[in-house]
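Note: the block below is structure-v3.csv and it holds CSV, C-alpha atoms.
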chain,number,residue,atom,x,y,z
P,1,MET,CA,6.5,-29.4,0.7
P,2,LYS,CA,9.1,-27.5,-1.3
P,3,PHE,CA,7.4,-25.0,-3.5
P,4,THR,CA,9.4,-24.1,-6.6
P,5,ALA,CA,7.5,-21.1,-7.8
P,6,PHE,CA,4.7,-18.7,-7.0
P,7,LEU,CA,1.8,-17.8,-9.3
P,8,ILE,CA,0.8,-14.1,-8.8
P,9,LYS,CA,-2.9,-13.3,-9.1
P,10,TYR,CA,-4.3,-9.8,-9.8
P,11,ALA,CA,-7.8,-8.5,-10.3
P,12,GLU,CA,-8.3,-4.9,-11.6
P,13,ILE,CA,-5.3,-5.1,-13.9
P,14,ALA,CA,-7.1,-7.8,-16.0
P,15,LEU,CA,-9.7,-5.2,-16.9
P,16,LYS,CA,-7.3,-2.7,-18.4
P,17,GLY,CA,-7.8,-3.7,-22.1
P,18,LYS,CA,-5.0,-2.6,-24.4
P,19,ASN,CA,-3.2,-0.9,-21.6
P,20,ARG,CA,-3.0,-4.0,-19.5
P,21,TYR,CA,0.6,-4.7,-20.3
P,22,LEU,CA,1.6,-1.4,-18.8
P,23,PHE,CA,0.0,-2.3,-15.4
P,24,GLU,CA,1.5,-5.8,-15.6
P,25,ASP,CA,4.9,-4.3,-16.2
P,26,ALA,CA,4.5,-1.9,-13.3
P,27,LEU,CA,3.5,-4.9,-11.1
P,28,VAL,CA,6.5,-6.9,-12.2
P,29,LYS,CA,8.8,-4.0,-11.3
P,30,GLN,CA,7.3,-3.7,-7.8
P,31,ILE,CA,7.7,-7.5,-7.3
P,32,ARG,CA,11.3,-7.3,-8.3
P,33,ILE,CA,11.9,-4.5,-5.8
P,34,ALA,CA,10.2,-6.5,-3.0
P,35,LEU,CA,12.2,-9.6,-3.7
P,36,LYS,CA,15.5,-7.8,-3.6
P,37,LYS,CA,14.8,-7.4,0.2
P,38,VAL,CA,14.6,-11.2,0.8
P,39,ASP,CA,17.2,-14.0,0.6
P,40,GLY,CA,17.0,-16.1,-2.6
P,41,LYS,CA,17.3,-15.8,-6.3
P,42,PHE,CA,14.1,-15.4,-8.4
P,43,GLU,CA,13.1,-15.1,-12.0
P,44,ILE,CA,9.9,-13.3,-12.9
P,45,THR,CA,8.1,-14.1,-16.1
P,46,LYS,CA,4.8,-13.1,-17.8
P,47,SER,CA,3.0,-15.8,-19.8
P,48,GLN,CA,-0.5,-15.9,-21.2
P,49,GLY,CA,-2.1,-13.6,-18.6
P,50,ARG,CA,0.0,-15.1,-15.7
P,51,ILE,CA,2.9,-13.8,-13.7
P,52,TYR,CA,5.2,-16.5,-12.3
P,53,ILE,CA,8.0,-16.2,-9.8
P,54,GLU,CA,10.5,-19.0,-10.3
P,55,CYS,CA,12.6,-19.8,-7.3
P,56,LEU,CA,16.1,-20.6,-8.6
P,57,GLU,CA,17.7,-21.4,-5.3
P,58,ASP,CA,16.8,-22.0,-1.6
P,59,TYR,CA,14.7,-19.2,-0.1
P,60,ASP,CA,12.8,-18.4,3.1
P,61,PHE,CA,9.1,-19.1,2.4
P,62,GLU,CA,7.6,-16.9,5.1
P,63,GLU,CA,10.0,-14.0,4.4
P,64,THR,CA,9.2,-14.2,0.6
P,65,VAL,CA,5.5,-14.4,1.1
P,66,GLY,CA,5.6,-11.6,3.6
P,67,GLY,CA,7.4,-9.4,1.1
P,68,LEU,CA,5.0,-10.1,-1.7
P,69,GLN,CA,2.0,-9.4,0.6
P,70,LYS,CA,3.2,-5.7,0.7
P,71,VAL,CA,3.1,-5.3,-3.1
P,72,PHE,CA,0.0,-3.4,-4.2
P,73,GLY,CA,-1.6,-5.0,-7.2
P,74,ILE,CA,-1.3,-8.6,-6.0
P,75,THR,CA,-4.6,-10.1,-4.9
P,76,GLY,CA,-3.3,-13.7,-4.4
P,77,ILE,CA,0.0,-15.5,-3.9
P,78,CYS,CA,-0.2,-19.1,-4.9
P,79,PRO,CA,2.7,-21.4,-3.8
P,80,VAL,CA,3.4,-23.7,-6.8
P,81,VAL,CA,5.0,-27.0,-7.5
P,82,HIS,CA,6.0,-27.3,-11.1
P,83,VAL,CA,7.0,-30.5,-12.9
P,84,GLU,CA,8.3,-31.3,-16.3
P,85,ASP,CA,5.9,-33.2,-18.5
P,86,HIS,CA,7.1,-36.8,-18.4
P,87,GLY,CA,3.8,-38.3,-19.0
P,88,PHE,CA,0.4,-38.5,-17.2
P,89,GLU,CA,1.5,-41.3,-14.9
P,90,ASP,CA,4.3,-39.2,-13.6
P,91,LEU,CA,1.8,-36.3,-13.0
P,92,GLN,CA,-0.5,-38.6,-11.1
P,93,LYS,CA,2.4,-39.5,-8.7
P,94,VAL,CA,3.3,-35.9,-8.1
P,95,ILE,CA,-0.4,-35.1,-7.4
P,96,VAL,CA,-0.6,-37.8,-4.8
P,97,HIS,CA,2.6,-36.6,-3.2
P,98,TYR,CA,1.4,-33.0,-3.2
P,99,MET,CA,-1.9,-33.8,-1.5
P,100,ASP,CA,-0.2,-36.0,1.1
P,101,GLU,CA,2.4,-33.4,2.0
P,102,VAL,CA,0.2,-30.3,1.9
P,103,TYR,CA,-2.9,-31.8,3.6
P,104,PRO,CA,-2.0,-34.1,6.5
P,105,ASP,CA,-5.7,-34.2,7.5
P,106,LYS,CA,-7.3,-36.1,4.6
P,107,HIS,CA,-10.9,-35.8,5.9
P,108,LYS,CA,-11.6,-33.0,3.4
P,109,THR,CA,-13.6,-32.4,0.3
P,110,PHE,CA,-11.8,-31.5,-2.9
P,111,LYS,CA,-12.1,-30.6,-6.6
P,112,VAL,CA,-9.6,-30.7,-9.4
P,113,ASN,CA,-9.6,-27.7,-11.7
P,114,ALA,CA,-7.4,-28.2,-14.8
P,115,ARG,CA,-6.5,-25.6,-17.4
P,116,ARG,CA,-4.9,-26.9,-20.6
P,117,ALA,CA,-3.1,-23.9,-22.0
P,118,ARG,CA,-1.1,-26.2,-24.2
P,119,LYS,CA,-3.7,-27.6,-26.6
P,120,ASN,CA,-1.5,-30.5,-27.9
P,121,TYR,CA,-1.7,-32.2,-24.5
P,122,PRO,CA,-3.3,-35.6,-25.1
P,123,LEU,CA,-6.1,-35.1,-22.5
P,124,THR,CA,-8.8,-32.4,-22.4
P,125,SER,CA,-9.3,-30.3,-19.2
P,126,MET,CA,-12.4,-32.4,-18.3
P,127,GLU,CA,-10.5,-35.6,-18.8
P,128,ILE,CA,-7.6,-34.4,-16.6
P,129,ASN,CA,-10.1,-33.4,-13.9
P,130,SER,CA,-11.7,-36.8,-13.9
P,131,GLU,CA,-8.5,-38.8,-14.1
P,132,LEU,CA,-6.7,-36.9,-11.3
P,133,GLY,CA,-9.8,-36.9,-9.2
P,134,GLY,CA,-9.9,-40.6,-9.4
P,135,THR,CA,-6.2,-40.9,-8.6
P,136,ILE,CA,-6.7,-38.8,-5.4
P,137,LEU,CA,-9.7,-40.9,-4.3
P,138,ASP,CA,-7.8,-44.1,-4.9
P,139,ALA,CA,-4.9,-42.9,-2.8
P,140,PHE,CA,-6.9,-41.3,-0.1
P,141,PRO,CA,-10.4,-43.0,0.2
P,142,GLU,CA,-11.3,-40.7,3.2
P,143,MET,CA,-11.4,-37.7,0.9
P,144,LYS,CA,-14.6,-36.8,-1.0
P,145,VAL,CA,-15.3,-34.8,-4.2
P,146,ASP,CA,-17.4,-31.7,-4.0
P,147,VAL,CA,-17.5,-29.7,-7.2
P,148,HIS,CA,-19.5,-26.8,-5.7
P,149,THR,CA,-18.0,-25.8,-2.4
P,150,PRO,CA,-14.8,-27.9,-1.9
P,151,GLU,CA,-12.5,-27.3,1.0
P,152,ILE,CA,-9.6,-27.9,-1.4
P,153,GLU,CA,-9.5,-26.7,-5.0
P,154,LEU,CA,-6.5,-28.2,-6.7
P,155,PHE,CA,-5.4,-26.3,-9.8
P,156,VAL,CA,-3.4,-28.0,-12.5
P,157,GLU,CA,-2.2,-25.7,-15.3
P,158,ILE,CA,-0.7,-27.5,-18.4
P,159,ARG,CA,1.8,-25.1,-20.0
P,160,GLU,CA,5.4,-25.7,-21.1
P,161,LYS,CA,5.8,-27.0,-17.6
P,162,ILE,CA,2.9,-28.3,-15.4
P,163,TYR,CA,2.0,-26.1,-12.5
P,164,ILE,CA,0.2,-27.4,-9.4
P,165,TYR,CA,-1.2,-25.3,-6.6
P,166,SER,CA,-4.2,-25.2,-4.2
P,167,ARG,CA,-3.4,-22.4,-1.7
P,168,VAL,CA,-4.2,-18.7,-2.4
P,169,ILE,CA,-2.5,-16.5,0.2
P,170,PRO,CA,-4.2,-13.0,0.2
P,171,GLY,CA,-2.3,-10.1,-1.2
P,172,ALA,CA,-2.6,-6.4,-0.6
P,173,GLY,CA,-4.9,-5.8,-3.6
P,174,GLY,CA,-5.1,-2.4,-5.3
P,175,MET,CA,-2.9,-1.2,-8.1
P,176,PRO,CA,0.9,-1.3,-8.6
P,177,ILE,CA,2.8,1.7,-7.3
P,178,GLY,CA,3.6,4.2,-10.0
P,179,SER,CA,0.7,3.2,-12.3
P,180,ASN,CA,-1.3,6.3,-11.3
P,181,GLY,CA,1.1,9.1,-10.8
P,182,LYS,CA,2.5,10.7,-7.7
P,183,ALA,CA,1.1,12.8,-4.8
P,184,MET,CA,2.4,14.7,-1.7
P,185,LEU,CA,1.3,13.4,1.7
P,186,LEU,CA,1.1,15.9,4.7
P,187,LEU,CA,2.5,13.5,7.2
P,188,SER,CA,2.2,14.1,10.9
P,189,GLY,CA,3.0,12.0,13.9
P,190,GLY,CA,-0.7,11.0,14.4
P,191,ILE,CA,-2.7,8.0,13.5
P,192,ASP,CA,-4.6,9.3,10.5
P,193,SER,CA,-2.0,10.6,7.9
P,194,PRO,CA,0.0,7.4,7.6
P,195,VAL,CA,-3.2,5.5,6.9
P,196,ALA,CA,-4.2,8.1,4.3
P,197,GLY,CA,-0.9,7.7,2.6
P,198,TYR,CA,-1.2,3.9,2.6
P,199,MET,CA,-4.8,4.1,1.1
P,200,ILE,CA,-3.8,6.4,-1.7
P,201,ALA,CA,-0.7,4.4,-2.5
P,202,LYS,CA,-2.9,1.3,-2.7
P,203,ARG,CA,-4.5,2.9,-5.8
P,204,GLY,CA,-1.1,2.9,-7.5
P,205,VAL,CA,0.0,6.4,-6.5
P,206,LYS,CA,3.7,7.0,-5.7
P,207,ILE,CA,4.0,8.9,-2.4
P,208,ASP,CA,6.3,11.7,-1.3
P,209,ALA,CA,5.7,13.4,2.1
P,210,VAL,CA,6.1,16.7,3.9
P,211,TYR,CA,6.4,17.1,7.7
P,212,PHE,CA,6.2,20.3,9.6
P,213,HIS,CA,8.7,20.5,12.4
P,214,ALA,CA,8.6,23.2,15.1
P,215,PRO,CA,11.8,23.2,17.2
P,216,PRO,CA,12.2,23.7,20.1
P,217,TYR,CA,8.5,23.2,20.7
P,218,THR,CA,8.6,19.8,19.1
P,219,SER,CA,11.5,17.5,19.9
P,220,GLU,CA,13.9,15.6,17.7
P,221,ARG,CA,12.2,12.5,18.9
P,222,ALA,CA,8.9,13.8,17.4
P,223,LYS,CA,10.7,14.2,14.1
P,224,GLN,CA,12.2,10.7,14.4
P,225,LYS,CA,8.7,9.4,15.1
P,226,VAL,CA,7.5,10.7,11.7
P,227,VAL,CA,10.6,9.2,10.0
P,228,ASP,CA,9.7,5.9,11.6
P,229,LEU,CA,6.1,6.1,10.4
P,230,ALA,CA,7.3,6.9,6.9
P,231,ARG,CA,9.6,3.9,7.0
P,232,ILE,CA,6.7,1.6,8.0
P,233,VAL,CA,4.5,3.0,5.2
P,234,SER,CA,7.5,2.7,2.7
P,235,ALA,CA,7.3,-1.1,3.0
P,236,TYR,CA,4.2,-0.8,0.9
P,237,THR,CA,4.9,2.3,-1.2
P,238,GLY,CA,8.6,2.0,-1.9
P,239,PRO,CA,11.1,4.8,-1.0
P,240,ILE,CA,9.5,8.0,0.4
P,241,TYR,CA,11.1,11.4,-0.1
P,242,LEU,CA,10.3,13.1,3.2
P,243,HIS,CA,10.6,16.9,3.1
P,244,VAL,CA,11.0,18.3,6.7
P,245,ILE,CA,9.9,22.0,7.0
P,246,ASN,CA,11.0,24.1,9.9
P,247,PHE,CA,7.7,25.8,10.7
P,248,THR,CA,8.5,27.5,14.0
P,249,ASP,CA,8.9,31.0,12.7
P,250,ILE,CA,5.7,31.0,10.7
P,251,GLN,CA,3.7,29.6,13.6
P,252,LEU,CA,5.1,32.1,16.0
P,253,TYR,CA,4.4,34.9,13.6
P,254,ILE,CA,0.8,33.7,13.1
P,255,TYR,CA,0.4,33.4,16.9
P,256,GLU,CA,1.6,37.0,17.3
P,257,LYS,CA,-0.4,38.6,14.6
P,258,CYS,CA,-3.7,36.7,14.2
P,259,PRO,CA,-6.7,36.0,16.5
P,260,HIS,CA,-5.9,32.8,18.5
P,261,GLU,CA,-9.2,31.2,17.7
P,262,GLU,CA,-8.2,31.3,14.0
P,263,LEU,CA,-4.7,30.1,14.6
P,264,THR,CA,-5.3,26.5,13.6
P,265,ILE,CA,-7.1,27.4,10.3
P,266,ILE,CA,-4.5,29.9,9.3
P,267,MET,CA,-1.6,27.6,10.2
P,268,ARG,CA,-3.2,24.8,8.2
P,269,ARG,CA,-3.6,27.2,5.2
P,270,TYR,CA,0.1,27.9,5.2
P,271,MET,CA,0.9,24.2,5.6
P,272,MET,CA,-1.1,23.6,2.5
P,273,LYS,CA,0.6,26.4,0.6
P,274,ILE,CA,4.0,25.1,1.4
P,275,ALA,CA,3.1,21.5,0.7
P,276,GLU,CA,1.6,22.5,-2.7
P,277,HIS,CA,4.8,24.5,-3.5
P,278,ILE,CA,6.9,21.4,-2.9
P,279,ALA,CA,4.5,19.2,-4.7
P,280,GLN,CA,4.6,21.4,-7.8
P,281,GLU,CA,8.4,21.3,-7.7
P,282,THR,CA,8.5,17.5,-7.5
P,283,ASP,CA,5.9,16.7,-10.2
P,284,CYS,CA,3.1,15.6,-7.8
P,285,ALA,CA,-0.4,15.7,-9.1
P,286,GLY,CA,-2.1,16.3,-5.8
P,287,LEU,CA,-2.0,16.6,-2.0
P,288,ILE,CA,-3.0,13.9,0.5
P,289,THR,CA,-4.2,14.6,4.1
P,290,GLY,CA,-5.5,12.4,6.9
P,291,GLU,CA,-8.5,14.6,7.7
P,292,SER,CA,-11.8,13.1,8.7
P,293,ILE,CA,-15.0,15.2,8.9
P,294,GLY,CA,-15.7,16.5,12.4
P,295,GLN,CA,-12.8,14.8,14.1
P,296,VAL,CA,-11.3,18.1,15.3
P,297,ALA,CA,-12.1,21.8,14.9
P,298,SER,CA,-9.9,22.1,11.8
P,299,GLN,CA,-11.8,19.3,10.1
P,300,THR,CA,-15.4,20.6,10.0
P,301,LEU,CA,-16.8,21.2,6.5
P,302,LYS,CA,-16.3,24.9,6.7
P,303,SER,CA,-12.7,24.5,8.1
P,304,LEU,CA,-11.8,22.1,5.3
P,305,ALA,CA,-13.2,24.5,2.7
P,306,ALA,CA,-11.1,27.3,4.2
P,307,THR,CA,-7.9,25.2,3.9
P,308,ASN,CA,-8.8,24.0,0.4
P,309,GLU,CA,-9.2,27.6,-0.8
P,310,VAL,CA,-5.4,28.2,-0.9
P,311,CYS,CA,-4.7,25.2,-3.2
P,312,THR,CA,-4.9,25.0,-6.9
P,313,MET,CA,-4.2,21.2,-7.1
P,314,PRO,CA,-6.6,18.5,-5.9
P,315,VAL,CA,-6.5,17.5,-2.2
P,316,TYR,CA,-7.2,13.8,-1.6
P,317,ARG,CA,-8.7,12.8,1.8
P,318,PRO,CA,-9.2,9.0,1.7
P,319,VAL,CA,-10.3,8.7,5.4
P,320,ILE,CA,-12.7,11.7,5.2
P,321,GLY,CA,-15.8,9.5,6.0
P,322,PHE,CA,-14.1,7.1,8.5
P,323,ASP,CA,-14.6,7.2,12.2
P,324,LYS,CA,-11.6,6.9,14.5
P,325,GLN,CA,-12.0,3.2,15.2
P,326,GLU,CA,-12.0,2.4,11.5
P,327,ILE,CA,-8.8,4.4,11.0
P,328,ILE,CA,-7.2,2.6,14.0
P,329,GLU,CA,-8.1,-0.8,12.5
P,330,ILE,CA,-6.2,0.0,9.3
P,331,ALA,CA,-3.3,1.5,11.3
P,332,ASN,CA,-3.0,-1.8,13.2
P,333,LYS,CA,-3.2,-3.7,10.0
P,334,ILE,CA,-0.3,-1.9,8.4
P,335,GLY,CA,1.8,-1.6,11.6
P,336,THR,CA,1.7,2.2,12.2
P,337,PHE,CA,-0.5,2.4,15.2
P,338,GLU,CA,2.0,1.7,18.0
P,339,THR,CA,4.4,4.2,16.6
P,340,SER,CA,1.6,6.8,16.1
P,341,ILE,CA,0.6,6.7,19.7
P,342,GLN,CA,4.1,7.4,21.1
P,343,PRO,CA,3.9,10.6,23.3
P,344,PHE,CA,5.8,12.9,21.1
P,345,GLU,CA,3.6,15.8,20.0
P,346,ASP,CA,3.8,17.5,16.6
P,347,CYS,CA,3.4,21.2,15.8
P,348,CYS,CA,-0.4,20.9,15.2
P,349,THR,CA,-1.0,19.9,18.8
P,350,ILE,CA,1.5,22.3,20.4
P,351,PHE,CA,0.0,25.5,19.0
P,352,VAL,CA,-3.7,24.6,19.1
P,353,ALA,CA,-6.0,27.3,20.5
P,354,LYS,CA,-8.2,26.6,23.6
P,355,HIS,CA,-11.3,27.6,21.7
P,356,PRO,CA,-10.7,27.2,17.9
P,357,VAL,CA,-13.2,28.4,15.5
P,358,THR,CA,-15.2,25.6,13.9
P,359,LYS,CA,-17.2,27.5,11.3
P,360,PRO,CA,-14.6,29.9,9.9
P,361,ASN,CA,-15.7,32.8,7.7
P,362,LEU,CA,-13.3,32.8,4.8
P,363,ASN,CA,-13.5,36.6,4.4
P,364,ILE,CA,-12.6,37.1,8.1
P,365,ILE,CA,-9.7,34.6,7.8
P,366,LYS,CA,-8.3,36.5,4.8
P,367,ARG,CA,-8.7,39.8,6.6
P,368,SER,CA,-6.7,38.3,9.6
P,369,GLU,CA,-4.0,37.1,7.2
P,370,ARG,CA,-3.4,40.7,6.1
P,371,ASN,CA,-1.7,41.1,9.4
P,372,LEU,CA,1.0,38.8,8.2
P,373,GLU,CA,1.8,40.7,5.0
P,374,GLU,CA,5.0,42.4,6.3
P,375,LYS,CA,7.0,39.2,6.9
P,376,ILE,CA,5.1,36.1,5.7
P,377,ASP,CA,6.5,35.9,2.2
P,378,GLU,CA,10.0,36.1,3.6
P,379,LEU,CA,9.3,33.4,6.2
P,380,PHE,CA,7.6,31.2,3.6
P,381,GLN,CA,10.6,31.4,1.3
P,382,THR,CA,13.0,30.7,4.2
P,383,ALA,CA,11.0,27.6,5.2
P,384,ILE,CA,11.2,26.3,1.6
P,385,GLU,CA,15.0,27.1,1.3
P,386,THR,CA,15.9,25.5,4.6
P,387,LYS,CA,13.9,22.3,4.2
P,388,GLU,CA,15.6,19.0,4.9
P,389,LEU,CA,15.2,16.0,2.6
P,390,ILE,CA,15.2,12.5,4.1
P,391,ILE,CA,15.0,9.5,1.8
P,392,VAL,CA,13.1,6.9,3.8
P,393,GLU,CA,13.0,3.2,2.8
Starting from the coordinates I provided, produce the structure as structure tokens.
Amino acid sequence: MKFTAFLIKYAEIALKGKNRYLFEDALVKQIRIALKKVDGKFEITKSQGRIYIECLEDYDFEETVGGLQKVFGITGICPVVHVEDHGFEDLQKVIVHYMDEVYPDKHKTFKVNARRARKNYPLTSMEINSELGGTILDAFPEMKVDVHTPEIELFVEIREKIYIYSRVIPGAGGMPIGSNGKAMLLLSGGIDSPVAGYMIAKRGVKIDAVYFHAPPYTSERAKQKVVDLARIVSAYTGPIYLHVINFTDIQLYIYEKCPHEELTIIMRRYMMKIAEHIAQETDCAGLITGESIGQVASQTLKSLAATNEVCTMPVYRPVIGFDKQEIIEIANKIGTFETSIQPFEDCCTIFVAKHPVTKPNLNIIKRSERNLEEKIDELFQTAIETKELIIVE
């Protein structure tokens, strides 16, 4: 069956009242971006609470649907056949052809669900349901009507053209990118942070990212791994501005001047400071991390409180209550897991202490940080000034 259009379904956007059009426009923008990556020519229109994608030339169905399934805000993708209104008998013929092509196995129950948006159409919605249901039964006697739990629900929308569809392919859900501001993701080479970025982006937040690189202790391949992860996530979020920070000198200085059991906490505090500095420069409204309570020593409640203390902007931790298996399931779903488990370590794992403190006392941490006062501001500024920007898409 050649589908000539797609009807795009959304959920939360419909509840936005007078601001609904802003979210619809944001969704249309993201659909356009997604369709630029696939072969074909498409026209996107909004009409009476519907978003339609008209297919103006030949296109690859699987590629197009795959691209649309990565657009946040879409809950359903409905492949549509649309026909000009040349009378009800013509519509009956198209319906029979549609059911024959789309459902080779006719031993199914069905229901017709007509919506008459054009009120001058000669039949009411109930009459359309009844007449087309009879037409299908006459053509395929083995089919049966079930108005409560049908295996096939055939939708017929009477508009300027008549739209016919019965399949609803699941979309990514959430809210369209850019409808809820921008935030800065602390992206490592692990499993958790790409998932955290994906989850916040799903709520309509544009994502930038910062990665802390520690050459020669971390390799160029470790850096490339993070770029690869950003590229996978960008299929959902759009282009990601990845800020690469050379963190070696700061880590070595902390290692030299501070108690080793506090190394991870103090290192994390300076990561958060640098990430917040870049976030403020780039108009981000918050930071995102992949921390989960109790997963490692730096992610106990007291450790998280100690790292939070250096920030003035909100820190969002969408996987905070997830166990590792739940995070892995999402990583597999979005395609980041296999890249995350490649054996290229990041700076967090290279400089971890043998016996890190799990219940840090903030006053003691701050006292230890006074040992850094001679050079830390200079090193901080150098790290900012020498950062590398990679645009990933």
* Could you name the residues that touch Lys366 in chain P at 12 Å or less, counting all atoms listed in the file, but leaving out those on the same chain fewer than 2 positions away, as a PyMOL selection string? -> chain P and resi 258-259+262+265-266+269+306-307+309-310+360-364+368-373
* Structure fact -> In Å and to one decimal, CA of Arg203 in chain P is distant from CA of Gly181 in chain P by 9.7 Å
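Using all atoms listed in the file, the contacts of Gly174 in chain P at a cut-off of 6 Å, with sequence neighbours closer than 5 positions omitted, comprise Phe72, Gly73, Lys202 and Arg203 of chain P.
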* Asked: What gap, in Å, lies between CA of His243 in chain P and CA of Leu389 in chain P?
  -> 4.7 Å
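Proximity to Tyr98 in chain P was assessed for P:Thr149, P:Thr124, P:Ser166, P:Ser188 counting all atoms listed in the file; the smallest distance is recorded for P:Ser166.
The neighbours of Glu393 in chain P here are the residues that come within 6 Å of it, using only C-alpha atoms and leaving out any residue fewer than 3 positions away in the same chain; they are Arg231, Ser234 and Pro239 of chain P.
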Filtering to C-alpha atoms, could you give me those residues as a JSON list (two decimals), in the frame of the given file?
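The result, stored in out.json:
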[["chain", "number", "residue", "atom", "x", "y", "z"],
["P", 231, "ARG", "CA", 9.60, 3.90, 7.00],
["P", 234, "SER", "CA", 7.50, 2.70, 2.70],
["P", 239, "PRO", "CA", 11.10, 4.80, -1.00]]
Point (0.4, -42.6, -4.6) neighbourhood (12 Å, all atoms listed in the file) written as a PDB file with C-alpha atoms, in the coordinates of the input:
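Contents of out-v8.pdb, freshly written:
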ATOM      1  CA  GLU P  89       1.500 -41.300 -14.900  1.00  0.00           C
ATOM      2  CA  ASP P  90       4.300 -39.200 -13.600  1.00  0.00           C
ATOM      3  CA  LEU P  91       1.800 -36.300 -13.000  1.00  0.00           C
ATOM      4  CA  GLN P  92      -0.500 -38.600 -11.100  1.00  0.00           C
ATOM      5  CA  LYS P  93       2.400 -39.500  -8.700  1.00  0.00           C
ATOM      6  CA  VAL P  94       3.300 -35.900  -8.100  1.00  0.00           C
ATOM      7  CA  ILE P  95      -0.400 -35.100  -7.400  1.00  0.00           C
ATOM      8  CA  VAL P  96      -0.600 -37.800  -4.800  1.00  0.00           C
ATOM      9  CA  HIS P  97       2.600 -36.600  -3.200  1.00  0.00           C
ATOM     10  CA  TYR P  98       1.400 -33.000  -3.200  1.00  0.00           C
ATOM     11  CA  MET P  99      -1.900 -33.800  -1.500  1.00  0.00           C
ATOM     12  CA  ASP P 100      -0.200 -36.000   1.100  1.00  0.00           C
ATOM     13  CA  GLU P 101       2.400 -33.400   2.000  1.00  0.00           C
ATOM     14  CA  LEU P 132      -6.700 -36.900 -11.300  1.00  0.00           C
ATOM     15  CA  GLY P 134      -9.900 -40.600  -9.400  1.00  0.00           C
ATOM     16  CA  THR P 135      -6.200 -40.900  -8.600  1.00  0.00           C
ATOM     17  CA  ILE P 136      -6.700 -38.800  -5.400  1.00  0.00           C
ATOM     18  CA  LEU P 137      -9.700 -40.900  -4.300  1.00  0.00           C
ATOM     19  CA  ASP P 138      -7.800 -44.100  -4.900  1.00  0.00           C
ATOM     20  CA  ALA P 139      -4.900 -42.900  -2.800  1.00  0.00           C
ATOM     21  CA  PHE P 140      -6.900 -41.300  -0.100  1.00  0.00           C
ATOM     22  CA  PRO P 141     -10.400 -43.000   0.200  1.00  0.00           C
TER      23      PRO P 141
END
